[in-house]
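K.L.:
I have a structure I would like to understand better, so I am pasting it below and will then ask my questions one at a time.
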Amino acid sequence: MQTRILVTVLALAVGTARADRPLAPFIAVDAPVTALTHVTVIDGTGAPARTDQTIVITGGKIASVGPAAQAKVPKDAKVLALAGATVMPGLVGMHDHLFMMGSDAFPPVLTHAQPVQSVRLYLAHGVTTIRTTGSVDPMADLNIKRLIDAGKEPGPKVFVTGPYLEGAGSPFLDMLQLRGADDARATVEYWAAQGATSFKAYMNITRDELAAATKAAHAKGLKVTGHLCTIGYKDAVALGIDNVEHGFLVNSDFVTTRKVDECPAGAAVDTAIAALDVTSPAVTSMFQDLIAHHVAVTSTPAVIEGMYREDIPARVLQLLSPDAREHALTVKVALGGKRKELRAIVQAAAKKDLELERAFVRAGGTLLAGADPTGTGDTLAGVADLRNLELLVEAGFTPVAAIHIATQNGADFLGEGAHTGTIAAGKQADLVVIRGMPATTIADVENIELVFKDGVGYDPAKLLASVAQRYGQY
């Protein structure tokens, strides 16, 4: 009995100590003044990388950044000698859910909230700001945000998108299905009052419902994005949408047989997108319409790649829980065995989508980026944000342009550009320290040594260790 009491007392004591400093196990650097010396800087603006720079961090903000030879490093600074390393802004994930797929990839589908595991994965992979871009458990998202803001959980800055604004006929068991325009308006107003800062229209929403949702959101100064299908981009722009997701892959405008407020069946949209001529008048008109109405496009190539690639990366398998790992492998085999033709169509559409995204940017459009950790269960928070950079470079963007898309563009769209998204004096010290030179070898972005959020340096290895073989537990 005495032993049991002693163990209980010790457990309570340890728990109290951890409660006092809950982030301590994950922190590698926490000093009043920190200097990152002799680094290469990719500042997020799209400008060329600058070598041999020193960044001084004071009070959670960037005090100065400039050539190492001219840097004035305070005597009391904690100096990190980082020759051979690159520092870039923390990523701003603009399609970064806090849930994962939890059932078969075939309808009906059930998702599972993963707020704690997800936010740690994002931070470990250099994502210091996220927009959740659709929630299946809005209160979980709001509450994990509050815990992070209070310093009780490690994670990025979270901008919570309300529950999916989905129409009737959704294959997802845990999504709200709107019952008309009044329901759409009431949903926006309720969740805006709870703390949601944006909303996401989903595949089966009607034009009347989208119109009501955008009007209600805009009345509160909030934005609406959409993973669309029943509504093409042309009508969505006319109805006031601010952002569209998944590049151009879900734009049903080019399906000539589609009906009003009806999502085209099967692979009709993929087939139509794959057949597009990027230089055609129809595509040019689409770009002009989006640009004229300041509608941003979010690129999510990593989740699309997961739909057609035949393997699952080892680093993903190491993070998944045993059940989630078995599920992901099972679905991958099922997709490979039964849907090879569809997989080829998706791959062709994905390739064309990246061509469209490049042309959209050349035309003056705003491109954002995000992970969308859903798909077949092997697209993971954070991991996919980094993979997006590699895929954007494979598509023809320069590394610094890809990083610009995934940092400054997202911060500016969120209205946070004055605080984060680029490396400049006066901004929050949201920084990623990378061993290598991603400006020339984009794959080096995976070599993350430290992640600074508000000037505190987190150890990615410790964050990953806390999630390893647990992502997908439910």
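In the structure tokens, chains take letters A, B, ... by order of appearance, with residues numbered from 1 within each chain and ligands from 1 in the order shown.
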Restrict the calculation to only C-alpha atoms, then for each residue of segment 158-263 of chain A with any atom at most 10 Å from an atom of segment 73-97 of chain A give the closest atom pair and their distance in Å to one decimal, rows by chain and rising residue number, as JSON lines.
P.N.:
{"residue": "A:Val158", "atom": "CA", "partner": "A:Asp96", "partner_atom": "CA", "distance": 9.5}
{"residue": "A:Phe159", "atom": "CA", "partner": "A:Met94", "partner_atom": "CA", "distance": 9.3}
{"residue": "A:Val160", "atom": "CA", "partner": "A:His97", "partner_atom": "CA", "distance": 9.4}
{"residue": "A:Thr161", "atom": "CA", "partner": "A:His97", "partner_atom": "CA", "distance": 9.3}
{"residue": "A:Glu245", "atom": "CA", "partner": "A:His95", "partner_atom": "CA", "distance": 7.9}
{"residue": "A:His246", "atom": "CA", "partner": "A:His95", "partner_atom": "CA", "distance": 9.0}
K.L.:
Write out as number ranges by chain the set of residues from segment 22-271 of chain A that DSSP, computed on the backbone, places in strand (DSSP E).
P.N.:
A: 27-29, 33-41, 50-58, 61-67, 78-81, 85-89, 91-93, 99-101, 111-113, 127-131, 157-159, 198-201, 223-226, 243-244
K.L.:
Can you pull out the residues contacting segment 170-180 of chain A? Cut-off 10 Å, using only C-alpha atoms, and skip same-chain residues under 3 positions away; I want them as a PyMOL selection string.
P.N.:
chain A and resi 106-112+134-137+163-167+183-185+187+202-210+212
K.L.:
Between A:Thr379, A:Gln117, A:Thr441, A:Thr366, which is the closest to Thr398 of chain A once you count only C-alpha atoms?
P.N.:
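Smallest distance to Thr398 of chain A is found for A:Thr441.
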K.L.:
For Ala71 of chain A, which residue out of A:Ala47, A:Val383, A:Leu249, A:Ala35 is the nearest one, using only C-alpha atoms?
P.N.:
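Counting only C-alpha atoms, the residue closest to Ala71 of chain A is A:Ala35.
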K.L.:
Rank A:Ile130, A:Ala461, A:Val237, A:Ala282 by their smallest atom-to-atom distance to Asp385 of chain A, using only C-alpha atoms, and report the top residue only.
P.N.:
A:Ile130
K.L.:
What separation in Å, quoted to one decimal, exists between atom CA of Arg146 of chain A and atom CA of Arg131 of chain A?
P.N.:
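Going from atom CA of Arg146 of chain A over to atom CA of Arg131 of chain A, I get 14.4 Å.
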K.L.:
Skip Asp242 of chain A itself and residues of its chain fewer than 2 positions away, then list as an MDAnalysis selection string all residues within 10 Å of it, counting only C-alpha atoms.
P.N.:
chainID A and resid 214 218 222:226 236:237 239:240 244 290 293:297 413
K.L.:
May I have the residues from that selection written out with C-alpha atoms, as a compact mmCIF listing (two decimals), in the first residue's frame?
P.N.:
# COMPACT_ATOMS: atom_id res chain seq x y z
CA THR A 214 -20.27 34.22 -48.61
CA HIS A 218 -18.14 38.87 -45.71
CA LEU A 222 -14.26 36.70 -43.00
CA LYS A 223 -13.36 34.75 -46.13
CA VAL A 224 -14.76 31.67 -47.86
CA THR A 225 -12.78 29.10 -49.78
CA GLY A 226 -14.02 25.99 -51.55
CA ALA A 236 -18.19 30.63 -57.53
CA VAL A 237 -16.34 33.84 -58.38
CA LEU A 239 -21.05 34.40 -55.91
CA GLY A 240 -18.19 36.02 -54.00
CA VAL A 244 -10.50 27.88 -54.38
CA LEU A 290 -9.98 34.87 -60.81
CA HIS A 293 -11.80 39.32 -58.36
CA HIS A 294 -8.69 38.69 -56.22
CA VAL A 295 -9.48 34.99 -55.82
CA ALA A 296 -6.47 32.98 -54.66
CA VAL A 297 -5.84 29.36 -55.66
CA PHE A 413 -3.85 36.15 -47.66
K.L.:
Which residue, A:His419, A:Arg258, A:His38, A:Lys145, has the smallest gap to Asp454 of chain A when you use only C-alpha atoms?
P.N.:
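Nearest candidate to Asp454 of chain A out of A:His419, A:Arg258, A:His38, A:Lys145: A:His419.
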K.L.:
Can you tell me which residues surround Ala275 of chain A at a distance of at most 12 Å, considering only C-alpha atoms, apart from same-chain residues fewer than 6 positions away, and format the answer as an NGL selection string?
P.N.:
:A and (249 or 254-255 or 268-269 or 283 or 345-346 or 348-353 or 356)
K.L.:
If you count only C-alpha atoms, which residues fall within 9 Å of Ile144 of chain A, apart from same-chain ones fewer than 3 positions away, as a list of chain:residue names?
P.N.:
A:Pro115, A:Val116, A:Val119, A:Met139, A:Ala140, A:Asp141, A:Leu147, A:Ile148, A:Asp149, A:Glu153, A:Gly155, A:Val158
K.L.:
Would you export the selected residues with N, CA and C atoms as a PDB file, in the first residue's frame, please?
P.N.:
ATOM      1  N   PRO A 115      -6.049  16.265 -33.444  1.00  0.00           N
ATOM      2  CA  PRO A 115      -5.519  17.611 -33.193  1.00  0.00           C
ATOM      3  C   PRO A 115      -4.138  17.648 -32.567  1.00  0.00           C
ATOM      4  N   VAL A 116      -3.890  16.838 -31.544  1.00  0.00           N
ATOM      5  CA  VAL A 116      -2.601  16.909 -30.856  1.00  0.00           C
ATOM      6  C   VAL A 116      -1.476  16.408 -31.755  1.00  0.00           C
ATOM      7  N   VAL A 119      -0.823  18.966 -34.846  1.00  0.00           N
ATOM      8  CA  VAL A 119      -0.115  20.232 -34.621  1.00  0.00           C
ATOM      9  C   VAL A 119       1.362  19.995 -34.334  1.00  0.00           C
ATOM     10  N   MET A 139     -14.856  22.304 -32.571  1.00  0.00           N
ATOM     11  CA  MET A 139     -14.511  22.627 -31.189  1.00  0.00           C
ATOM     12  C   MET A 139     -13.134  22.074 -30.828  1.00  0.00           C
ATOM     13  N   ALA A 140     -12.790  20.900 -31.344  1.00  0.00           N
ATOM     14  CA  ALA A 140     -11.446  20.364 -31.094  1.00  0.00           C
ATOM     15  C   ALA A 140     -10.395  21.293 -31.691  1.00  0.00           C
ATOM     16  N   ASP A 141     -10.654  21.788 -32.901  1.00  0.00           N
ATOM     17  CA  ASP A 141      -9.706  22.696 -33.548  1.00  0.00           C
ATOM     18  C   ASP A 141      -9.569  23.996 -32.757  1.00  0.00           C
ATOM     19  N   LEU A 147      -5.109  26.082 -26.518  1.00  0.00           N
ATOM     20  CA  LEU A 147      -4.026  25.494 -25.726  1.00  0.00           C
ATOM     21  C   LEU A 147      -2.661  25.925 -26.245  1.00  0.00           C
ATOM     22  N   ILE A 148      -2.511  25.968 -27.571  1.00  0.00           N
ATOM     23  CA  ILE A 148      -1.244  26.413 -28.168  1.00  0.00           C
ATOM     24  C   ILE A 148      -0.998  27.877 -27.812  1.00  0.00           C
ATOM     25  N   ASP A 149      -2.016  28.702 -27.975  1.00  0.00           N
ATOM     26  CA  ASP A 149      -1.871  30.126 -27.678  1.00  0.00           C
ATOM     27  C   ASP A 149      -1.517  30.365 -26.207  1.00  0.00           C
ATOM     28  N   GLU A 153       0.480  23.569 -25.252  1.00  0.00           N
ATOM     29  CA  GLU A 153       0.742  22.537 -26.260  1.00  0.00           C
ATOM     30  C   GLU A 153       1.648  23.125 -27.322  1.00  0.00           C
ATOM     31  N   GLY A 155       2.790  23.753 -31.081  1.00  0.00           N
ATOM     32  CA  GLY A 155       2.101  23.721 -32.365  1.00  0.00           C
ATOM     33  C   GLY A 155       2.207  25.056 -33.067  1.00  0.00           C
ATOM     34  N   VAL A 158      -2.748  28.787 -35.258  1.00  0.00           N
ATOM     35  CA  VAL A 158      -3.860  28.120 -35.928  1.00  0.00           C
ATOM     36  C   VAL A 158      -4.974  29.115 -36.246  1.00  0.00           C
TER      37      VAL A 158
END
K.L.:
State, in Å with one decimal place, the distance from atom CA of Gly66 of chain A to atom CA of Ile42 of chain A.
P.N.:
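These atoms are spaced 12.0 Å apart.
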K.L.:
What's the separation between atom CA of Lys259 of chain A and atom CA of Ala168 of chain A, in Å to one decimal place?
P.N.:
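Computing it gives 15.6 Å between the two atoms.
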K.L.:
Check the DSSP output for the backbone and give back, as a VMD selection string, the residues of segment 173-396 of chain A in helix (DSSP H, G or I).
P.N.:
chain A and resid 181 to 194 207 to 219 233 to 238 252 to 254 268 to 274 281 to 292 301 to 308 314 to 319 322 to 338 340 to 362 383 to 394
K.L.:
What's the 12 Å shell around Thr256 of chain A, counting only C-alpha atoms, without same-chain residues fewer than 5 positions away, as a PyMOL selection string?
P.N.:
chain A and resi 232+251+264+268-269+271-273
